[in-house]
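Notes follow the structure.
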Amino acid sequence: MQLDLNLLTALDALLEEGSVAGAAARLHVTSPAMSRSLGRIRHTTGDQILVRTGRTMTPTPYALAVRAQVHELLHQVQGVLAPSRALDLAMLERTFTLRWHDSLVALGGPALLAAVRVQAPGVRLCFVAESSVDTPGLRRGEVDLEANANRPSAPDIRAENVGQTRLVVVVRRGHPLTHDSTLTAERYAAAEHVTVSRRGNFGNALDDALARLGLTRRVVATAPTEAAAFAFARDSDLVISVPEAVTRSTVADLGLVVLPLPLELPSAPVYLSWHQRYDNDNAHAWLRGLARDALTACGAP
């Protein structure tokens with residue numbers, strides 16, 4: 001049986017993009033050429049792969065079933081055909097895109113960049129903001145490394161726990177909660193709160209912990225970043241609950257103080273994630289090592 005491995009690449013792009021035009025743009029070919037590839041894939045598999053639903057294309061049950069396998073097969077083929085080269089950091093010229101949580105950029109970004117500039121001056125780092133929705137940036141090759149508290153569930157995404165940090169309470173100096181020798185869960189719940197959520201979620205694990213104690217809190221606003229939330233707390237009696245690591249270099253300058261969280265909660269993890277296609281990429285492995293060191297150093301024990 002004669003097989004064209006280019007069809008595997010085309011099928012992967014079609015399943016990722018969900019459209020002929022999107023797959024064509026991703027592989028830098030024309031839409032007619034991608035349409036012909038789809039036709040050949042349909043003929044080879046005996047399945048339509050993508051069917052039109054209104055103005056969009058919907059993957060068939062067969063396409064959904066083989067999507068992960070197609071990713072894995074393409075990764076294996078690329079690993080076989082890509083020659084292994086010794087890594088020359090002094091001559092390496094490459095731009096890595098990193099989607100890290102804002103606080104992790106502030107905490108670990110400077111150390112990572114400093115190490116990169118010493119070892120590989122031709123390498124550039126592009127830190128991009130996290131999205132308010134799930135994005136396939138790692139799978140599409142648009143992002144090289146992600147770092148946040150979420151462990152990916154996709155089988156083709158690698159994830160490594162590189163640290164953890166506990167949650168703490170942040171309020172302004174002189175806040176009523178600072179007058180007590182010990183902050184109780186009842187006093188904490190009775191205050192008004194601002195949560196940090198890119199998705200605009202008012203509730204989180206703190207509310208579950210309070211509910212187990214028969215308590216509820218009033219969240220009056222959400223903020224997309226810790227820095228924005230701190231601005232709300234600086235001149236009011238609003239309460240912010242954030243990972244301890246993000247408070248180290250900012251709260252004192254803003255006139256804020258840190259209090260222990262009066263709830264039993266596990267520490268928040270920090271995960272470093274990448275797509276499996278980079279497992280054997282020497283340059284990517286080198287960057288992962290530096291990123292791991294930088295993030296581990298800024299995590300709480």
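Residue names in the structure tokens use chain letters A, B, ... in the order shown, residue numbers from 1 in each chain, and ligand numbers from 1 in the order shown.
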
Could you pull out the alpha helix (DSSP H) residues of range 47-270 of chain A, going by DSSP on the backbone, and write them as a ChimeraX atom specification? /A:61-81,102-119,137-140,185-190,205-212,226-234

Find the spatial neighbours of Ala149 in chain A, counting only C-alpha atoms, within a cut-off of 8 Å - ignore same-chain residues fewer than 3 positions away - and output them as a list in words.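 Within the cut-off, the hits are Ala268, Pro269, Val270 and Tyr271 of chain A.
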
For His71 in chain A, list every protein, DNA or RNA residue within 10 Å, evaluated using only C-alpha atoms, and leave out those in the same chain fewer than 5 positions away; present the list as a list in words.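 Near His71 in chain A, the qualifying residues are Leu8, Thr9, Leu11, Asp12, Ala13, Leu15, Glu16, Val66, Gln76, Arg139, Pro155, Asp156, Gln276 and Arg277 of chain A.
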
For those residues, write all heavy atoms to a file as a short mmCIF file (atom, residue, chain, number, x, y, z; two decimals), in the first residue's frame.
data_model
loop_
_atom_site.label_atom_id
_atom_site.label_comp_id
_atom_site.auth_asym_id
_atom_site.auth_seq_id
_atom_site.Cartn_x
_atom_site.Cartn_y
_atom_site.Cartn_z
N LEU A 8 -0.60 12.78 6.26
CA LEU A 8 -0.66 12.79 7.72
C LEU A 8 -0.53 14.21 8.25
O LEU A 8 -1.26 14.61 9.17
CB LEU A 8 0.44 11.90 8.29
CG LEU A 8 0.40 11.62 9.80
CD1 LEU A 8 -0.85 10.84 10.16
CD2 LEU A 8 1.64 10.87 10.24
N THR A 9 0.37 14.97 7.66
CA THR A 9 0.53 16.37 8.06
C THR A 9 -0.73 17.16 7.74
O THR A 9 -1.20 17.98 8.55
CB THR A 9 1.73 17.00 7.33
OG1 THR A 9 2.91 16.25 7.62
CG2 THR A 9 1.93 18.44 7.74
N LEU A 11 -3.80 15.96 7.41
CA LEU A 11 -4.88 15.52 8.30
C LEU A 11 -4.75 16.14 9.68
O LEU A 11 -5.74 16.58 10.27
CB LEU A 11 -4.86 13.99 8.39
CG LEU A 11 -5.90 13.35 9.32
CD1 LEU A 11 -7.31 13.76 8.92
CD2 LEU A 11 -5.75 11.83 9.32
N ASP A 12 -3.53 16.21 10.20
CA ASP A 12 -3.30 16.84 11.50
C ASP A 12 -3.74 18.30 11.48
O ASP A 12 -4.41 18.77 12.40
CB ASP A 12 -1.83 16.73 11.86
CG ASP A 12 -1.52 17.37 13.20
OD1 ASP A 12 -2.02 16.89 14.22
OD2 ASP A 12 -0.79 18.38 13.22
N ALA A 13 -3.38 19.01 10.43
CA ALA A 13 -3.75 20.43 10.32
C ALA A 13 -5.26 20.59 10.19
O ALA A 13 -5.86 21.48 10.80
CB ALA A 13 -3.05 21.07 9.13
N LEU A 15 -7.63 18.60 11.28
CA LEU A 15 -8.29 18.29 12.54
C LEU A 15 -8.05 19.37 13.60
O LEU A 15 -8.91 19.63 14.43
CB LEU A 15 -7.79 16.93 13.07
CG LEU A 15 -8.15 15.71 12.22
CD1 LEU A 15 -7.57 14.45 12.83
CD2 LEU A 15 -9.66 15.59 12.07
N GLU A 16 -6.91 20.01 13.54
CA GLU A 16 -6.62 21.09 14.49
C GLU A 16 -7.39 22.36 14.14
O GLU A 16 -7.93 23.03 15.01
CB GLU A 16 -5.12 21.38 14.51
CG GLU A 16 -4.32 20.42 15.36
CD GLU A 16 -4.68 20.54 16.83
OE1 GLU A 16 -4.48 21.62 17.42
OE2 GLU A 16 -5.20 19.57 17.38
N VAL A 66 -9.53 9.56 16.00
CA VAL A 66 -8.13 9.36 15.61
C VAL A 66 -7.27 10.60 15.80
O VAL A 66 -6.07 10.55 15.53
CB VAL A 66 -8.03 8.89 14.14
CG1 VAL A 66 -8.82 7.61 13.93
CG2 VAL A 66 -8.51 9.97 13.17
N GLN A 76 6.08 11.09 15.95
CA GLN A 76 7.04 10.01 15.78
C GLN A 76 7.76 10.11 14.44
O GLN A 76 8.98 9.90 14.36
CB GLN A 76 6.33 8.66 15.90
CG GLN A 76 5.82 8.37 17.30
CD GLN A 76 5.07 7.05 17.38
OE1 GLN A 76 5.00 6.31 16.40
NE2 GLN A 76 4.47 6.77 18.53
N ARG A 139 -0.38 22.96 21.26
CA ARG A 139 -0.60 21.94 20.23
C ARG A 139 -0.36 22.51 18.84
O ARG A 139 0.10 21.81 17.95
CB ARG A 139 -2.01 21.38 20.33
CG ARG A 139 -2.32 20.75 21.69
CD ARG A 139 -3.67 20.08 21.71
NE ARG A 139 -3.66 18.84 20.95
CZ ARG A 139 -4.74 18.10 20.75
NH1 ARG A 139 -5.89 18.48 21.23
NH2 ARG A 139 -4.65 16.98 20.06
N PRO A 155 -3.33 14.29 26.18
CA PRO A 155 -2.26 13.29 26.27
C PRO A 155 -0.97 13.69 25.58
O PRO A 155 0.09 13.15 25.90
CB PRO A 155 -2.89 12.06 25.58
CG PRO A 155 -3.94 12.62 24.69
CD PRO A 155 -4.48 13.81 25.41
N ASP A 156 -1.03 14.65 24.64
CA ASP A 156 0.18 15.04 23.92
C ASP A 156 0.86 16.26 24.54
O ASP A 156 1.81 16.79 23.98
CB ASP A 156 -0.13 15.31 22.45
CG ASP A 156 -1.24 16.31 22.26
OD1 ASP A 156 -2.02 16.54 23.22
OD2 ASP A 156 -1.37 16.87 21.15
N GLN A 276 4.63 17.53 23.25
CA GLN A 276 5.57 16.41 23.17
C GLN A 276 6.47 16.46 21.94
O GLN A 276 7.53 15.81 21.91
CB GLN A 276 4.81 15.10 23.17
CG GLN A 276 3.92 14.90 21.94
CD GLN A 276 3.15 13.59 21.99
OE1 GLN A 276 3.09 12.94 23.03
NE2 GLN A 276 2.54 13.21 20.88
N ARG A 277 6.10 17.27 20.94
CA ARG A 277 6.96 17.35 19.75
C ARG A 277 8.34 17.90 20.09
O ARG A 277 9.30 17.73 19.34
CB ARG A 277 6.30 18.24 18.68
CG ARG A 277 6.25 19.70 19.02
CD ARG A 277 5.85 20.56 17.84
NE ARG A 277 4.50 20.29 17.39
CZ ARG A 277 3.42 20.93 17.85
NH1 ARG A 277 3.55 21.84 18.80
NH2 ARG A 277 2.23 20.65 17.39
#

Mind checking which residues fall within 9 Å of Glu226 in chain A, counting only C-alpha atoms, ignoring those fewer than 6 positions away in the same chain, and posting them as a PyMOL selection string? chain A and resi 102-103+195-197+240+242+246-247

What is the distance, in Å and to one decimal place, between CA of Arg94 in chain A and CA of Asp279 in chain A?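 Pair CA of Arg94 in chain A / CA of Asp279 in chain A returns 17.0 Å.
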
Quick one: residues within 7 Å of Leu295 in chain A, only C-alpha atoms counted, chain neighbours fewer than 2 positions away excluded, as a PyMOL selection string? chain A and resi 108+162-163+291-293+297-299
